[in-house]
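Colleague: entry_27.txt is the file, holding compact mmCIF, C-alpha atoms:
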# COMPACT_ATOMS: atom_id res chain seq x y z
CA MET S 1 0.00 0.00 0.00
CA ASN S 2 1.35 3.39 -1.00
CA TYR S 3 1.00 5.69 1.99
CA GLN S 4 2.10 8.78 0.04
CA ILE S 5 -0.94 8.56 -2.21
CA ILE S 6 -3.22 8.08 0.81
CA LYS S 7 -1.70 11.18 2.41
CA LYS S 8 -2.16 13.14 -0.81
CA GLU S 9 -5.80 12.07 -1.11
CA PHE S 10 -6.48 12.90 2.51
CA LYS S 11 -5.02 16.40 2.06
CA GLU S 12 -7.02 16.88 -1.12
CA SER S 13 -10.24 15.82 0.58
CA LEU S 14 -9.59 18.18 3.47
CA PHE S 15 -8.38 21.28 1.68
CA GLU S 16 -9.13 21.17 -2.04
CA SER S 17 -12.58 19.64 -1.75
CA LYS S 18 -13.43 22.00 1.12
CA GLY S 19 -13.73 19.00 3.43
CA LEU S 20 -12.90 21.08 6.50
CA TRP S 21 -15.60 23.60 5.69
CA MET S 22 -18.09 20.84 5.02
CA ILE S 23 -17.42 19.48 8.52
CA ALA S 24 -18.04 22.95 10.01
CA VAL S 25 -21.21 23.40 7.95
CA SER S 26 -22.56 20.00 8.96
CA ALA S 27 -21.93 20.93 12.62
CA ALA S 28 -23.82 24.18 12.02
CA ILE S 29 -26.74 22.21 10.57
CA LEU S 30 -26.75 19.90 13.60
CA SER S 31 -26.76 22.98 15.85
CA GLY S 32 -29.68 24.42 13.90
CA LEU S 33 -31.61 21.18 14.38
CA CYS S 34 -30.84 21.23 18.12
CA PHE S 35 -32.15 24.79 18.44
CA LEU S 36 -35.24 23.84 16.44
CA VAL S 37 -36.06 20.74 18.49
CA LEU S 38 -35.52 22.50 21.81
CA SER S 39 -37.57 25.55 20.90
CA MET S 40 -40.47 23.71 19.23
CA LYS S 41 -43.48 22.75 21.34
CA GLU S 42 -43.59 19.31 19.72
CA GLY S 43 -39.89 18.80 20.26
CA SER S 44 -40.10 19.72 23.91
CA VAL S 45 -42.36 16.75 24.69
CA LEU S 46 -40.10 14.24 22.97
CA ALA S 47 -38.40 11.75 25.23
CA GLN S 48 -34.64 12.16 25.59
CA ASN S 49 -33.88 8.94 23.70
CA ASP S 50 -36.09 10.11 20.82
CA ILE S 51 -34.08 13.34 20.53
CA LEU S 52 -30.89 11.26 20.66
CA GLN S 53 -32.15 9.10 17.82
CA TYR S 54 -33.01 12.13 15.72
CA ALA S 55 -29.54 13.56 16.37
CA ILE S 56 -27.85 10.29 15.32
CA LYS S 57 -29.99 10.06 12.18
CA SER S 58 -29.18 13.67 11.25
CA ALA S 59 -25.44 13.16 11.84
CA LEU S 60 -25.48 9.96 9.76
CA PHE S 61 -27.43 11.59 6.96
CA LEU S 62 -25.12 14.62 6.75
CA THR S 63 -21.99 12.45 6.92
CA LEU S 64 -23.19 10.08 4.22
CA ILE S 65 -24.29 12.87 1.90
CA VAL S 66 -21.00 14.78 2.15
CA SER S 67 -18.89 11.60 1.87
CA MET S 68 -20.83 10.36 -1.13
CA VAL S 69 -20.49 13.68 -2.93
CA LEU S 70 -16.74 13.69 -2.27
CA GLY S 71 -16.38 10.03 -3.25
CA SER S 72 -18.45 10.22 -6.41
CA ALA S 73 -16.39 13.17 -7.65
CA SER S 74 -12.98 11.67 -6.76
CA PHE S 75 -11.83 10.10 -10.07
CA ILE S 76 -14.02 12.31 -12.25
CA VAL S 77 -12.34 15.46 -10.90
CA GLU S 78 -8.98 13.95 -11.93
CA ARG S 79 -10.36 13.42 -15.42
CA GLU S 80 -11.96 16.87 -15.62
CA GLU S 81 -8.77 18.57 -14.43
CA ASN S 82 -6.62 16.46 -16.80
CA THR S 83 -4.54 15.00 -13.95
CA MET S 84 -5.77 11.46 -14.50
CA GLU S 85 -3.11 10.69 -17.10
CA SER S 86 -0.21 11.60 -14.78
CA LEU S 87 -1.89 9.66 -11.98
CA LEU S 88 -2.14 6.57 -14.17
CA LEU S 89 1.47 6.96 -15.29
CA THR S 90 2.74 6.64 -11.70
CA PRO S 91 3.87 3.13 -10.77
CA ILE S 92 1.01 2.82 -8.28
CA PRO S 93 -1.41 -0.06 -8.91
CA LYS S 94 -4.95 0.95 -9.81
CA ARG S 95 -6.28 -0.89 -6.80
CA ASP S 96 -4.09 1.25 -4.51
CA LEU S 97 -5.37 4.38 -6.24
CA ALA S 98 -8.97 3.37 -5.56
CA VAL S 99 -8.19 2.44 -1.96
CA ALA S 100 -6.32 5.73 -1.42
CA LYS S 101 -9.25 7.77 -2.77
CA TYR S 102 -11.55 5.67 -0.62
CA LEU S 103 -9.55 6.20 2.57
CA GLY S 104 -9.22 9.93 1.89
CA VAL S 105 -13.02 10.26 1.83
CA MET S 106 -13.46 7.88 4.75
CA VAL S 107 -11.31 10.10 6.96
CA ILE S 108 -13.59 13.08 6.26
CA GLY S 109 -16.60 10.90 7.11
CA ILE S 110 -15.05 9.72 10.36
CA VAL S 111 -14.17 13.29 11.38
CA MET S 112 -17.77 14.31 10.62
CA LEU S 113 -19.08 11.48 12.80
CA ALA S 114 -16.68 12.55 15.54
CA ALA S 115 -17.95 16.14 15.26
CA ALA S 116 -21.41 14.84 16.24
CA VAL S 117 -20.13 13.33 19.50
CA PRO S 118 -20.36 16.57 21.58
CA TYR S 119 -24.01 16.93 20.51
CA LEU S 120 -24.82 13.36 21.57
CA MET S 121 -23.05 13.90 24.88
CA ALA S 122 -24.99 17.11 25.54
CA ILE S 123 -28.36 15.66 24.51
CA GLY S 124 -27.85 12.37 26.32
CA ALA S 125 -26.43 13.86 29.53
CA GLY S 126 -28.19 12.30 32.51
CA SER S 127 -29.95 9.61 30.50
CA GLY S 128 -27.29 6.93 30.79
CA LEU S 129 -27.48 6.45 27.03
CA ILE S 130 -24.40 8.38 25.92
CA VAL S 131 -22.14 5.34 25.48
CA SER S 132 -24.82 3.43 23.55
CA ALA S 133 -25.55 6.45 21.36
CA ILE S 134 -21.88 7.02 20.51
CA GLY S 135 -21.43 3.27 19.97
CA ILE S 136 -24.31 3.17 17.48
CA LEU S 137 -23.10 6.33 15.76
CA PHE S 138 -19.69 4.81 15.13
CA PHE S 139 -20.67 1.18 14.62
CA GLY S 140 -23.67 1.69 12.35
CA GLY S 141 -22.25 4.91 10.92
CA LEU S 142 -18.90 3.37 9.97
CA LEU S 143 -20.53 0.36 8.33
CA LEU S 144 -22.85 2.57 6.29
CA LEU S 145 -20.01 4.96 5.50
CA THR S 146 -17.80 2.07 4.36
CA ALA S 147 -20.48 0.86 1.98
CA PHE S 148 -21.72 4.17 0.63
CA VAL S 149 -18.23 5.61 0.06
CA ALA S 150 -17.22 2.42 -1.79
CA LEU S 151 -20.34 2.73 -3.96
CA SER S 152 -19.59 6.37 -4.73
CA ILE S 153 -15.98 5.51 -5.68
CA ILE S 154 -17.33 2.80 -8.01
CA LEU S 155 -19.57 5.39 -9.67
CA SER S 156 -16.65 7.78 -10.09
CA ILE S 157 -14.67 4.97 -11.75
CA LEU S 158 -17.48 4.04 -14.12
CA MET S 159 -18.92 7.42 -15.02
CA ASN S 160 -17.59 10.33 -17.05
CA SER S 161 -19.55 13.25 -15.67
CA SER S 162 -19.35 14.44 -12.07
CA LYS S 163 -22.97 15.60 -12.21
CA ALA S 164 -24.21 12.15 -13.24
CA SER S 165 -22.01 10.46 -10.67
CA VAL S 166 -23.09 12.69 -7.77
CA LEU S 167 -26.76 12.46 -8.74
CA THR S 168 -26.63 8.67 -9.06
CA SER S 169 -24.91 8.26 -5.71
CA ILE S 170 -27.48 10.49 -3.98
CA LEU S 171 -30.25 8.58 -5.73
CA ILE S 172 -28.85 5.27 -4.47
CA MET S 173 -28.70 6.66 -0.97
CA THR S 174 -32.25 8.03 -1.18
CA ILE S 175 -33.59 4.69 -2.44
CA LEU S 176 -31.88 2.81 0.38
CA THR S 177 -32.94 5.35 3.01
CA PHE S 178 -36.56 5.44 1.84
CA PRO S 179 -37.71 2.15 3.47
CA ALA S 180 -36.35 3.36 6.82
CA MET S 181 -38.72 6.34 6.68
CA ILE S 182 -41.83 4.33 5.83
CA GLN S 183 -44.55 4.30 8.42
CA GLY S 184 -47.87 2.61 8.57
CA LEU S 185 -49.36 -0.44 6.98
CA PHE S 186 -46.56 -0.97 4.46
CA LYS S 187 -44.27 -1.90 7.33
CA LEU S 188 -46.66 -4.68 8.30
CA SER S 189 -47.07 -6.12 4.80
CA SER S 190 -44.94 -9.09 3.75
CA ILE S 191 -43.05 -6.98 1.16
CA GLY S 192 -42.52 -4.22 3.71
CA THR S 193 -41.23 -6.65 6.32
CA PHE S 194 -38.89 -8.24 3.78
CA ILE S 195 -37.50 -4.90 2.57
CA LEU S 196 -37.02 -3.70 6.15
CA LYS S 197 -35.10 -6.89 6.95
CA ILE S 198 -32.62 -6.47 4.10
CA ASP S 199 -32.35 -2.68 3.79
CA PRO S 200 -29.09 -1.65 5.53
CA VAL S 201 -30.23 1.87 6.45
CA ALA S 202 -33.49 0.58 7.94
CA CYS S 203 -31.51 -2.07 9.83
CA CYS S 204 -29.22 0.62 11.26
CA PHE S 205 -32.19 2.76 12.37
CA ASN S 206 -34.05 -0.23 13.81
CA MET S 207 -30.93 -1.33 15.67
CA MET S 208 -30.68 2.17 17.11
CA ALA S 209 -34.32 2.12 18.27
CA ALA S 210 -33.86 -1.36 19.76
CA ILE S 211 -30.83 -0.27 21.79
CA LEU S 212 -31.95 3.21 22.85
CA THR S 213 -35.69 2.69 23.29
CA ASP S 214 -36.19 -0.99 24.03
CA LYS S 215 -32.81 -1.39 25.79
CA VAL S 216 -32.10 -4.58 23.84
CA SER S 217 -28.61 -5.98 24.26
CA PHE S 218 -26.21 -5.36 21.36
CA PHE S 219 -25.54 -9.09 21.09
CA ALA S 220 -29.21 -9.83 20.40
CA LEU S 221 -29.21 -7.67 17.29
CA GLY S 222 -27.65 -10.07 14.80
CA SER S 223 -30.56 -9.72 12.38
CA TYR S 224 -29.88 -5.99 12.09
CA ILE S 225 -26.09 -6.23 12.03
CA MET S 226 -25.79 -8.91 9.33
CA PRO S 227 -27.31 -6.91 6.43
CA LEU S 228 -25.14 -3.92 7.40
CA VAL S 229 -21.94 -5.98 7.43
CA LEU S 230 -22.87 -7.75 4.19
CA PHE S 231 -23.64 -4.44 2.48
CA ALA S 232 -20.32 -2.92 3.55
CA PHE S 233 -18.34 -6.04 2.62
CA THR S 234 -19.99 -6.39 -0.81
CA ALA S 235 -19.50 -2.72 -1.66
CA VAL S 236 -15.78 -2.77 -0.73
CA ILE S 237 -15.15 -6.02 -2.65
CA LEU S 238 -16.95 -4.56 -5.70
CA MET S 239 -14.85 -1.41 -5.48
CA ILE S 240 -11.62 -3.41 -5.37
CA LEU S 241 -12.74 -5.60 -8.27
CA LEU S 242 -13.80 -2.63 -10.37
CA SER S 243 -10.67 -0.62 -9.61
CA GLY S 244 -9.08 -2.32 -12.62
CA ARG S 245 -11.40 -0.26 -14.80
CA ILE S 246 -9.88 3.06 -13.79
CA ALA S 247 -9.09 4.74 -17.09
CA LEU S 248 -8.63 8.12 -18.70
CA LYS S 249 -12.27 8.06 -19.68
CA GLY S 250 -14.85 6.36 -17.48
CA GLU S 251 -15.23 2.62 -18.06
CA LYS S 252 -12.99 2.66 -21.19
CA MET R 1 -123.91 21.66 28.70
CA LYS R 2 -123.35 19.35 25.79
CA LYS R 3 -120.51 21.53 24.62
CA PHE R 4 -119.00 21.63 28.10
CA LEU R 5 -119.12 17.85 28.41
CA CYS R 6 -117.62 17.48 24.96
CA CYS R 7 -114.77 19.82 25.83
CA CYS R 8 -114.15 18.04 29.14
CA SER R 9 -114.06 14.64 27.48
CA VAL R 10 -111.67 15.87 24.76
CA LEU R 11 -109.43 17.44 27.40
CA LEU R 12 -109.54 14.28 29.46
CA ILE R 13 -108.61 12.14 26.46
CA LEU R 14 -105.76 14.48 25.57
CA LEU R 15 -104.42 14.54 29.14
CA LEU R 16 -104.60 10.80 29.51
CA CYS R 17 -102.89 10.16 26.20
CA SER R 18 -100.13 12.75 26.45
CA THR R 19 -97.65 10.80 28.52
CA PRO R 20 -94.37 12.74 28.79
CA VAL R 21 -91.63 11.08 26.78
CA HIS R 22 -87.94 11.77 27.46
CA ALA R 23 -84.97 10.63 25.42
CA GLU R 24 -83.31 8.87 28.31
CA ASN R 25 -86.36 6.64 28.77
CA THR R 26 -86.22 5.46 25.19
CA THR R 27 -82.72 4.00 25.16
CA VAL R 28 -82.81 0.71 23.41
CA PRO R 29 -80.32 -1.72 24.90
CA GLN R 30 -77.33 -2.04 22.60
CA PRO R 31 -76.93 -5.49 21.08
CA ILE R 32 -73.24 -5.32 21.98
CA SER R 33 -71.47 -3.84 24.96
CA VAL R 34 -67.76 -3.06 24.91
CA GLU R 35 -65.79 -2.46 28.05
CA ILE R 36 -62.09 -2.03 28.80
CA VAL R 37 -61.63 -4.43 31.71
CA SER R 38 -58.06 -3.54 32.53
CA PRO R 39 -56.16 -1.39 33.16
CA SER R 40 -58.50 1.23 34.61
CA SER R 41 -55.90 3.91 33.84
CA ILE R 42 -52.21 4.16 33.03
CA ASP R 43 -49.92 6.63 34.70
CA SER R 44 -46.36 5.92 33.77
CA VAL R 45 -43.22 7.00 31.94
CA PRO R 46 -42.02 5.97 28.45
CA VAL R 47 -41.32 3.27 27.42
CA HIS R 48 -44.36 1.55 28.90
CA ASP R 49 -45.68 -1.84 27.77
CA ASP R 50 -49.16 -2.87 28.77
CA VAL R 51 -52.01 -5.10 27.69
CA ILE R 52 -55.43 -3.54 27.19
CA LYS R 53 -58.08 -6.16 27.94
CA VAL R 54 -61.38 -5.55 26.19
CA ARG R 55 -64.57 -7.45 27.02
CA ILE R 56 -67.22 -7.70 24.33
CA THR R 57 -70.66 -8.99 25.29
CA ASN R 58 -73.55 -9.91 23.04
CA ASN R 59 -76.64 -8.55 24.82
CA SER R 60 -79.05 -9.48 22.07
CA SER R 61 -81.06 -12.67 21.74
CA GLN R 62 -79.47 -13.67 18.46
CA THR R 63 -76.02 -14.64 17.27
CA LEU R 64 -74.10 -11.74 15.75
CA TYR R 65 -71.81 -12.33 12.80
CA HIS R 66 -68.99 -10.46 11.05
CA LEU R 67 -67.70 -8.29 13.84
CA ALA R 68 -64.33 -6.66 14.31
CA SER R 69 -62.84 -5.03 17.31
CA TYR R 70 -60.23 -2.26 17.28
CA LEU R 71 -58.47 0.18 19.53
CA THR R 72 -58.40 3.94 19.04
CA ILE R 73 -55.89 6.26 20.63
CA VAL R 74 -56.62 9.94 21.00
CA ASP R 75 -53.87 12.37 21.95
CA VAL R 76 -55.67 14.93 24.10
CA GLY R 77 -52.88 17.50 24.15
CA ARG R 78 -51.90 17.37 20.49
CA LYS R 79 -55.52 16.97 19.31
CA GLN R 80 -54.88 14.01 17.03
CA THR R 81 -55.27 10.29 16.70
CA TYR R 82 -52.32 8.05 15.93
CA PRO R 83 -51.56 6.12 12.76
CA VAL R 84 -50.88 2.43 12.55
CA ASP R 85 -48.03 0.95 14.58
CA GLU R 86 -47.11 4.10 16.52
CA PHE R 87 -48.14 2.25 19.66
CA GLY R 88 -46.73 -1.11 18.69
CA GLU R 89 -47.57 -3.31 15.75
CA ASN R 90 -50.31 -5.20 17.59
CA ALA R 91 -52.19 -2.18 18.90
CA TYR R 92 -53.82 -1.27 15.63
CA GLN R 93 -54.57 -4.68 14.23
CA THR R 94 -58.31 -5.20 14.10
CA ARG R 95 -59.46 -8.47 15.67
CA ALA R 96 -62.03 -10.29 13.57
CA ILE R 97 -64.88 -11.97 15.44
CA ASP R 98 -66.71 -14.41 13.21
CA SER R 99 -69.70 -14.87 15.48
CA LEU R 100 -70.85 -14.04 18.98
CA ALA R 101 -73.62 -16.15 20.50
CA PRO R 102 -76.37 -14.54 22.63
CA GLY R 103 -74.97 -13.68 26.05
CA GLU R 104 -71.46 -14.73 25.01
CA LYS R 105 -68.56 -12.72 26.41
CA LEU R 106 -65.24 -12.42 24.66
CA VAL R 107 -62.06 -10.90 26.07
CA ILE R 108 -59.51 -9.56 23.59
CA ASP R 109 -55.98 -8.45 24.46
CA TYR R 110 -54.29 -5.49 22.82
CA PRO R 111 -50.59 -5.25 23.66
CA VAL R 112 -49.54 -1.60 23.52
CA HIS R 113 -46.05 -0.16 23.44
CA ILE R 114 -46.24 3.47 24.56
CA MET R 115 -43.22 5.58 23.69
CA TYR R 116 -44.70 9.07 23.71
CA VAL R 117 -45.12 11.59 26.45
CA GLY R 118 -48.57 13.14 26.81
CA GLN R 119 -52.20 12.68 27.79
CA PHE R 120 -54.05 10.01 25.82
CA CYS R 121 -57.47 8.35 25.78
CA PHE R 122 -57.70 4.71 24.75
CA THR R 123 -61.06 3.43 23.57
CA ALA R 124 -62.09 0.06 22.17
CA SER R 125 -64.78 -0.26 19.52
CA VAL R 126 -66.65 -3.06 17.84
CA ILE R 127 -68.07 -2.73 14.36
CA GLN R 128 -70.78 -4.97 12.95
CA TYR R 129 -70.04 -5.14 9.26
CA ASP R 130 -73.55 -6.27 8.37
CA SER R 131 -75.25 -3.23 9.87
CA ASN R 132 -72.26 -0.85 10.07
CA GLN R 133 -73.13 -0.23 13.72
CA VAL R 134 -70.24 0.74 15.96
CA THR R 135 -70.18 0.39 19.71
CA THR R 136 -67.42 2.10 21.65
CA SER R 137 -66.29 1.59 25.20
CA ASP R 138 -65.67 4.26 27.80
CA ALA R 139 -62.18 5.75 27.53
CA VAL R 140 -59.23 4.80 29.66
CA ASN R 141 -56.99 7.70 30.54
CA VAL R 142 -53.31 7.29 29.86
CA THR R 143 -50.83 9.77 31.24
CA MET R 144 -47.22 9.44 30.17
CA LYS R 145 -44.89 11.73 32.01
CA ALA R 146 -41.61 13.03 30.64
CA VAL R 147 -38.54 11.47 32.16
CA SER R 148 -36.24 13.70 30.20
CA ASN R 149 -33.17 14.89 32.03
CA LEU R 150 -32.37 17.02 29.00
CA ASN R 151 -29.99 19.73 30.07
CA ARG R 152 -31.19 22.54 27.81
CA PRO R 153 -28.50 25.10 28.67
CA LEU R 154 -25.83 22.47 27.99
CA VAL R 155 -27.34 21.53 24.61
CA TYR R 156 -27.74 25.21 23.68
CA SER R 157 -24.13 25.97 24.58
CA VAL R 158 -22.73 22.93 22.73
CA ALA R 159 -24.89 23.78 19.70
CA GLY R 160 -23.55 27.31 19.78
CA ILE R 161 -19.89 26.56 20.46
CA VAL R 162 -19.10 23.50 18.27
CA PRO R 163 -19.75 25.09 14.83
CA ILE R 164 -17.82 28.21 15.84
CA VAL R 165 -14.84 26.13 17.01
CA LEU R 166 -14.90 23.98 13.87
CA ALA R 167 -15.30 26.97 11.54
CA GLY R 168 -12.47 28.76 13.41
CA GLY R 169 -10.28 25.67 13.11
CA ALA R 170 -11.06 25.31 9.41
CA PHE R 171 -10.27 28.99 8.86
CA LEU R 172 -6.94 28.78 10.70
CA VAL R 173 -5.87 25.57 8.94
CA THR R 174 -6.74 26.82 5.45
CA LYS R 175 -5.15 30.22 6.15
CA GLY R 176 -1.99 28.54 7.46
CA LYS R 177 -1.87 26.32 4.38
CA THR R 178 -2.28 29.24 1.95
CA LYS R 179 0.49 31.16 3.75
CA LYS R 180 2.79 28.13 3.54
CA GLU R 181 2.08 27.75 -0.18
CA THR R 182 2.78 31.43 -0.95
CA VAL R 183 6.07 31.33 0.97
The structure in this file should be written as structure tokens.
Modeller:
Amino acid sequence: MNYQIIKKEFKESLFESKGLWMIAVSAAILSGLCFLVLSMKEGSVLAQNDILQYAIKSALFLTLIVSMVLGSASFIVEREENTMESLLLTPIPKRDLAVAKYLGVMVIGIVMLAAAVPYLMAIGAGSGLIVSAIGILFFGGLLLLTAFVALSIILSILMNSSKASVLTSILIMTILTFPAMIQGLFKLSSIGTFILKIDPVACCFNMMAAILTDKVSFFALGSYIMPLVLFAFTAVILMILLSGRIALKGEK
Amino acid sequence: MKKFLCCCSVLLILLLCSTPVHAENTTVPQPISVEIVSPSSIDSVPVHDDVIKVRITNNSSQTLYHLASYLTIVDVGRKQTYPVDEFGENAYQTRAIDSLAPGEKLVIDYPVHIMYVGQFCFTASVIQYDSNQVTTSDAVNVTMKAVSNLNRPLVYSVAGIVPIVLAGGAFLVTKGKTKKETV
């Protein structure tokens, strides 16, 4: 593994892609949501664990969106700025290039998740749920981040336009997040139950509710953890397999 | 005299026939009675699990067919009812009753999973699909108190400080980097 290229990608993600500012903006959005929930009449009657769950969901959503945008633009930006050729001429294997881009984006995602920790600590103070909340944020968040960033890197390898790549990655995320938001009878139908069992985002949210609301032990949540792990594993393997297709023009 | 007698007899007939009738005296016994047997009320904190026991009695002299029983939850404070599965997946499932013999009593359990804070009224109803008649029980009051130890000043201060610190850090780092590059 070439650590120089990882370092370069990390610096690029932080400075050239405005990663640092994105972290600050996402913290500002989280703050805005906190002010909103605390000042709203509806929000004021929410139980503490409900507010914690909303905070975790918001932090995950912001992290995934920013990471996917950065990831889906990674190789395309190199093509658009005509630096792809020199990158491909270096004696670094294509797989290492993909992994370096991937790790560069992952670091931003992890820092964004870490930026949400003070909020969880403040919201959960006195509830005894802080450790669980931070555990879910990092466990579920990292698994989702691993998968979604890998998917966005795949898109940036296969596509030529940054617009198409970013839009597709956000669409994939929206489609996978949609079942987690569904309420009502659909959840009780056989199709709904099946989708909720296999959808990784829904599994992450359900795992969170089980731990924070129902106080279920982490070790009894295998049915929620398995789809998440499988999703992350499959996405990373796919990314590594498809890294051989990195070319001057997408998929050629 | 004849006229007087006639008037008296008419008056007498009218007085005897005009028996006062009040609405409360005309209540026809309902063919079905619905009653929440237990609990009589709930006063707790989220998350609270309970079982609402509903007794349905056929008061009529004939067997009733095609009935269904269901629970309704009214949020008194927020002036709304709740959609399916907000109080647990079993709370809103209707329970089909194929037939209920005369005098037969049936007890149905509704497990509820209460996560919200507020003042609620739980009622149980039975619908007869053949006649579309609905019978509803008296309400059970449910009070869920907040157990939130939410430290508002702490949350407000964290929400105010964190973005400023991060934006300040980002500004310093990017400024330092630009300076380094120009040198």
Colleague: Skip region 143-157 of chain R itself and residues of its chain fewer than 5 positions away, then list as JSON, numbers by chain all residues within 8 Å of it, counting all atoms listed in the file.
Modeller: {"S": [34, 35, 38, 45, 46, 47, 48, 119, 122, 123, 124, 125, 126, 127], "R": [42, 43, 44, 45, 46, 116, 117, 118, 119, 120]}
Colleague: What residues have an atom no more than 9 Å from (-18.6, 14.6, -2.3) in the file's own frame, counting all atoms listed in the file, and can you write them as a PDB file with C-alpha atoms, in the frame of the given file?
Modeller:
ATOM      1  CA  SER S  13     -10.240  15.820   0.580  1.00  0.00           C
ATOM      2  CA  SER S  17     -12.580  19.640  -1.750  1.00  0.00           C
ATOM      3  CA  GLY S  19     -13.730  19.000   3.430  1.00  0.00           C
ATOM      4  CA  ILE S  65     -24.290  12.870   1.900  1.00  0.00           C
ATOM      5  CA  VAL S  66     -21.000  14.780   2.150  1.00  0.00           C
ATOM      6  CA  SER S  67     -18.890  11.600   1.870  1.00  0.00           C
ATOM      7  CA  MET S  68     -20.830  10.360  -1.130  1.00  0.00           C
ATOM      8  CA  VAL S  69     -20.490  13.680  -2.930  1.00  0.00           C
ATOM      9  CA  LEU S  70     -16.740  13.690  -2.270  1.00  0.00           C
ATOM     10  CA  GLY S  71     -16.380  10.030  -3.250  1.00  0.00           C
ATOM     11  CA  SER S  72     -18.450  10.220  -6.410  1.00  0.00           C
ATOM     12  CA  ALA S  73     -16.390  13.170  -7.650  1.00  0.00           C
ATOM     13  CA  SER S  74     -12.980  11.670  -6.760  1.00  0.00           C
ATOM     14  CA  VAL S 105     -13.020  10.260   1.830  1.00  0.00           C
ATOM     15  CA  SER S 152     -19.590   6.370  -4.730  1.00  0.00           C
ATOM     16  CA  VAL S 166     -23.090  12.690  -7.770  1.00  0.00           C
TER      17      VAL S 166
END
Colleague: Residues of chain S within 10 Å of chain R, counting only C-alpha atoms - could you list those as number ranges by chain?
Modeller: S: 14-16, 18-35, 38-39, 42, 44-51, 115-116, 118-128, 183-188, 213-215
Colleague: So the first atom is CA of Ile127 (chain R) and the second is CA of Lys53 (chain R); what is the distance between them in Å, to one decimal place?
Modeller: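 Between CA of Ile127 (chain R) and CA of Lys53 (chain R) the gap is 17.2 Å.
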Colleague: Which distance in Å separates CA of Glu12 (chain S) and CA of Val201 (chain S), to one decimal?
Modeller: 28.7 Å
Colleague: Choose the residue, out of S:Cys203, S:Ile110, S:Ser223, S:Ile5, that has the smallest atom-to-atom separation from Lys94 (chain S); count only C-alpha atoms.
Modeller: S:Ile5
Colleague: Interatomic distance between CA of Ala124 (chain R) and CA of Ile182 (chain S)?
Modeller: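 Between CA of Ala124 (chain R) and CA of Ile182 (chain S) the gap is 26.4 Å.
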Colleague: Please identify all polymer residues within 8 Å of region 206-212 of chain S, counting all atoms listed in the file, omitting same-chain residues fewer than 3 positions from it, and present them as a VMD selection string.
Modeller: chain S and resid 49 53 129 132 to 133 136 202 to 203 215 to 218 221 224 to 225
Colleague: Compare R:Ser40, R:Thr81, R:Ser33, R:Ser99 by their minimum atom-to-atom distance to Gln62 (chain R), counting all atoms listed in the file, and give me the closest one.
Modeller: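 Of all the options, R:Ser99 lies closest to Gln62 (chain R).
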Colleague: Pick out the closest residue to Gln133 (chain R) from this set: R:Lys175, R:Arg95, R:His66, R:Lys79. Count only C-alpha atoms.
Modeller: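 Once distances to Gln133 (chain R) are computed over only C-alpha atoms, the minimum belongs to R:His66.
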Colleague: Taking all atoms listed in the file into account, which of S:Ala164, S:Leu137, S:Leu230, S:Ala150 comes nearest Lys57 (chain S)?
Modeller: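 The closest residue to Lys57 (chain S) is S:Leu137.
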Colleague: I'd like the contact shell of Arg55 (chain R) - 12 Å cut-off, all atoms listed in the file, skipping same-chain residues fewer than 6 positions apart - returned as a PyMOL selection string.
Modeller: chain R and resi 32-38+69-70+104-110+123-126+136-138
Colleague: With all atoms listed in the file as the atoms that count, which of R:Ile56, R:Val51, R:Cys7, R:Leu64 lies nearest to Phe122 (chain R)?
Modeller: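 With all atoms listed in the file as the atom set, the closest residue is R:Val51.
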Colleague: Residues near Ile153 (chain S), anyone? I mean within 12 Å using all atoms listed in the file, not counting same-chain ones fewer than 3 positions away, as JSON, numbers by chain.
Modeller: {"S": [67, 68, 69, 70, 71, 72, 73, 74, 75, 76, 77, 95, 97, 98, 99, 100, 101, 102, 103, 104, 105, 106, 145, 146, 147, 148, 149, 150, 156, 157, 158, 159, 162, 165, 166, 168, 169, 235, 236, 237, 238, 239, 240, 241, 242, 243, 245, 246, 250]}
Colleague: Between R:Lys179, R:Leu172, R:Lys3, R:Thr63, which one has atoms that come closest to Pro102 (chain R), using all atoms listed in the file?
Modeller: R:Thr63
Colleague: Might I get the box with edges along x, y and z of the file that holds all atoms of region 118-137 of chain R listed there, padded by 6 Å on every side, given as centre and edge lengths in Å to one decimal, as lines of an AutoDock Vina configuration file?
Modeller:
center_x = -61.9
center_y = 3.4
center_z = 18.1
size_x = 38.7
size_y = 31.4
size_z = 31.4
